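Novice: Quick one: the structure is below, and I'll ask about it shortly.
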There are 2 protein chains.
Amino acid sequence: MIAKRMITKLEGGSLIRKMFEEGNRLKAIYGADKVFDFSIGNPDLEPPKEVTDALIELASNPTPGMHGYMSNSGYESTRAIIAKKRSEESGLDIKADAVCMTVGAAAAMNDVLHSLLDDGDEVIVLAPYFMEYNNYIDNHGGKVVSVSTDDNFMPDFDAIAAAITAKTKAIIINSPNNPSGVIYSAEQLTKLNELLKAQDHVIQVISDEPYIDLVYDGMEVPAVLKYIDNVVICFSWSKSLSLPGERIGYTLVSPKNEDYADLTGAIVLSNRILGSVNAPAIWQKVIEKSLYAKVDVANYEYRRNLLYGNIIDAGFDSVKPNGALYVFMKTPNGMTDAEFAAVCAKYNLLLVPGASFSRAGYCRLAFCVSEATIKGSRQAFFAIAEELGIAHKAEL
Amino acid sequence: MIAKRMITKLEGGSLIRKMFEEGNRLKAIYGADKVFDFSIGNPDLEPPKEVTDALIELASNPTPGMHGYMSNSGYESTRAIIAKKRSEESGLDIKADAVCMTVGAAAAMNDVLHSLLDDGDEVIVLAPYFMEYNNYIDNHGGKVVSVSTDDNFMPDFDAIAAAITAKTKAIIINSPNNPSGVIYSAEQLTKLNELLKAQDHVIQVISDEPYIDLVYDGMEVPAVLKYIDNVVICFSWSKSLSLPGERIGYTLVSPKNEDYADLTGAIVLSNRILGSVNAPAIWQKVIEKSLYAKVDVANYEYRRNLLYGNIIDAGFDSVKPNGALYVFMKTPNGMTDAEFAAVCAKYNLLLVPGASFSRAGYCRLAFCVSEATIKGSRQAFFAIAEELGIAHKAEL
């Protein structure tokens, strides 16, 4: 009796649940400290003090109407300072009206896709990618067109060009990337812009940027707004301020976007009719007071170093992630990701097969887990390497 | 370049914006106290002290992970006490798993419709109704089938029976009703259940209940769960606790629902993939601490009495609303709602034509406006009646 598409999706969803249950089963048998569960990618740091202080201040000083409705796009004052920050970063003159406050990046993506897609329109995604995009695209009648990136997980422009059709409405980019942690360079963004502008219809770039503040090795993420014209940003504070449960983010349409007026209007309308109505009032105000705050990024970098070190030292191969919260390691000896995951599971080491990100031959490990888990897992990585006949590159 | 359906919807949306702008224009010319704007139905009371106290307590006593992800359906503890409250009201044994916390009732409705509708499925709505339902239904490929209620805005069961087809997937009910303020009786709910159960396929009742706590004249709203089997409740604290900007509500599937297992699962999945992911964490916890609190309902009832009194005393005709925040008055002398609204506008009195609720010949006036506005409007109602040759029923 429920919708047919939901029956299919409910069956698919149970795979992830099985993994979660397997982790719990192993922990019950061996003890939590003997299970190295790298499968779950939830930000685990607490929000910065600016955020918790702002929340106390707002709660303690109630003002009339502070929990009431505002414009569906959110408070003008909140949108204005976000526009100012993004203007500073990009050198563009971004108005508050470019911004629509949303219930996190997931709602932002849905708002944008609902605004853009007619039935059968195509959206290009660059594999490996966060496969929840498939659901977001399907929700609004779109069709996913998956294009593989190169061996360093960078855009393959020939492949993108070959995938473009008259029905291509948008391409989603996600830099720093989940699952690979790579960051696209200014040159790559410029090339993407040139490729898209050379087409005979507008193709929107949807820049999903939840990891933009989680960057390591002194790297800087090039401002997409500087290099791409027809772009809409989808941002969330879930990771930057560790507020994933509170659902606060935004969309921002570039002032250079050829569809600026229609798109900003359609996004606000989508935000209303898809059911968010508006982003939570109090969190908009918290953001206004703590926009320049960040979680303890050095802590994530430290754990990235530990986990990446384990993987490389044990003898495995991986691109070093410069951002986000994951290592996307290559499976050794040409094993499939399912085969490798099965071997790892014997050592109570849990990871997500790359097929879950539309890229077989790799596995994702989240380093937003306890330092003890990462340190404890070192011997497991070494033992797995030994079982597979792989030479270590360092001492245990 | 944006989606075709959005172009149409953006054009429609501008009518409401024009009304809002007209109100502002009149206020600028005549002064805010000389304009009687009954067009906007936003709850204007402050949240009860239990709510603001709970927010301070939570903000001031942060616990690790309190702003982090939880299950997509929300905190088990929050869902459990909601299930307990609804069990007490209905006499049913409702489990926490029946409940999914949502970003208000609008997200709840979208979650339910996304879970139920295949392309072309029909959803019956009972006019007059909140026409945002049209968008919610259209979002998920459904078709709106509008069935008029009787002169007292009560369900017309023959008309409902005649509207049912093999494609009918659901019927939306909304009691207390926006815009009419009527409350369906236990007998009417029982009759609706019998009618639907007599069909050869399951038809779900979606009970949209944002006004269930705003009830006057000592009335009680019969618990839909007692009388209807295949029902899903969509609830929001926007009105009950005056938290419309914070976006907190829930869905609840009746344990008697024939599709209980599929539907509870599909709703949680929809909540995730439509972009809410989960309801805001802190508001779930606030609700847990103030579930039995209510806004000052007597204040709304007082203003209902004032506005309804003005309308009746001036000589107009209206069903008396027993709940919600609106009077849905009949246009006098067989005028169309647009004609009557135009006359009212001459007296700086703004209301919403019934066509905006799919019921011509009526106009909606919200009484969640200041007491001064309602009192000040009395002379305007009397003057309008005089212009139209209508005899007053009381002194000015």
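Ordering of the structure tokens sets the chain letters (A, B, ...); residue numbers start at 1 within each chain; ligands are numbered from 1 in the order shown.
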Distance limit 7 Å, atoms considered: only C-alpha atoms. Which chain B residues sit that close to chain A? Return them as a VMD selection string.

Specialist: chain B and resid 1 to 4 6 10 46 55 to 56 59 to 60 64 to 65 67 to 70 103 106 to 107 110 115 to 118 135 to 136 242 to 247 259 262 to 263 266 273 to 276 278 280 to 282

Novice: Excluding B:Gly315 and its own-chain neighbours fewer than 4 positions away, which residues fall within 9 Å of it when counting only C-alpha atoms? Please give them as a list in words.

Specialist: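 Counting only C-alpha atoms, the residues come to Asn310, Ile311, Phe381, Phe382, Ala385, Ile390, Ala391, His392, Lys393 and Ala394 of chain B.
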
Novice: Take the residues from that selection and write them out as a compact mmCIF listing (two decimals), in the first residue's frame, keeping C-alpha atoms.

Specialist:
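Wrote result35.txt, looks like this:
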# COMPACT_ATOMS: atom_id res chain seq x y z
CA ASN B 310 -17.98 42.30 15.65
CA ILE B 311 -18.96 40.23 12.62
CA PHE B 381 -17.48 46.15 10.15
CA PHE B 382 -20.45 48.35 11.01
CA ALA B 385 -22.60 46.62 6.73
CA ILE B 390 -27.21 45.16 6.06
CA ALA B 391 -29.07 45.65 9.33
CA HIS B 392 -26.95 45.55 12.49
CA LYS B 393 -27.82 43.00 15.14
CA ALA B 394 -26.41 45.07 18.03

Novice: Between A:Leu252, A:Leu214, A:Ala161, A:Leu195, which residue has the minimum interatomic distance to A:Asp97, considering only C-alpha atoms?

Specialist: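 Checking each of A:Leu252, A:Leu214, A:Ala161, A:Leu195 against A:Asp97, counting only C-alpha atoms, the winner is A:Leu252.
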
Novice: Which is closest to B:Thr264 among B:Thr336, B:Ser73, B:Ser356, B:Thr331, if we use only C-alpha atoms?

Specialist: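 Of the candidates, the smallest distance to B:Thr264 is held by B:Ser73.
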
Novice: For B:Ala324, which residue out of B:Cys363, B:Ala342, B:Ile212, B:Ile374 is the nearest one, using only C-alpha atoms?

Specialist: B:Ile212

Novice: Per DSSP on the backbone, filter stretch 181-391 of chain B down to the residues in strand (DSSP E or B) and report them as a PyMOL selection string.

Specialist: chain B and resi 204-208+215+231-236+249-253+318+323+326-330+349-350+352-353+362-366

Novice: From the list A:Val35, A:Glu122, A:Gly181, A:Ser207, which residue is nearest A:Thr168 when using only C-alpha atoms?

Specialist: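 Comparing A:Val35, A:Glu122, A:Gly181, A:Ser207 against A:Thr168, the winner is A:Glu122.
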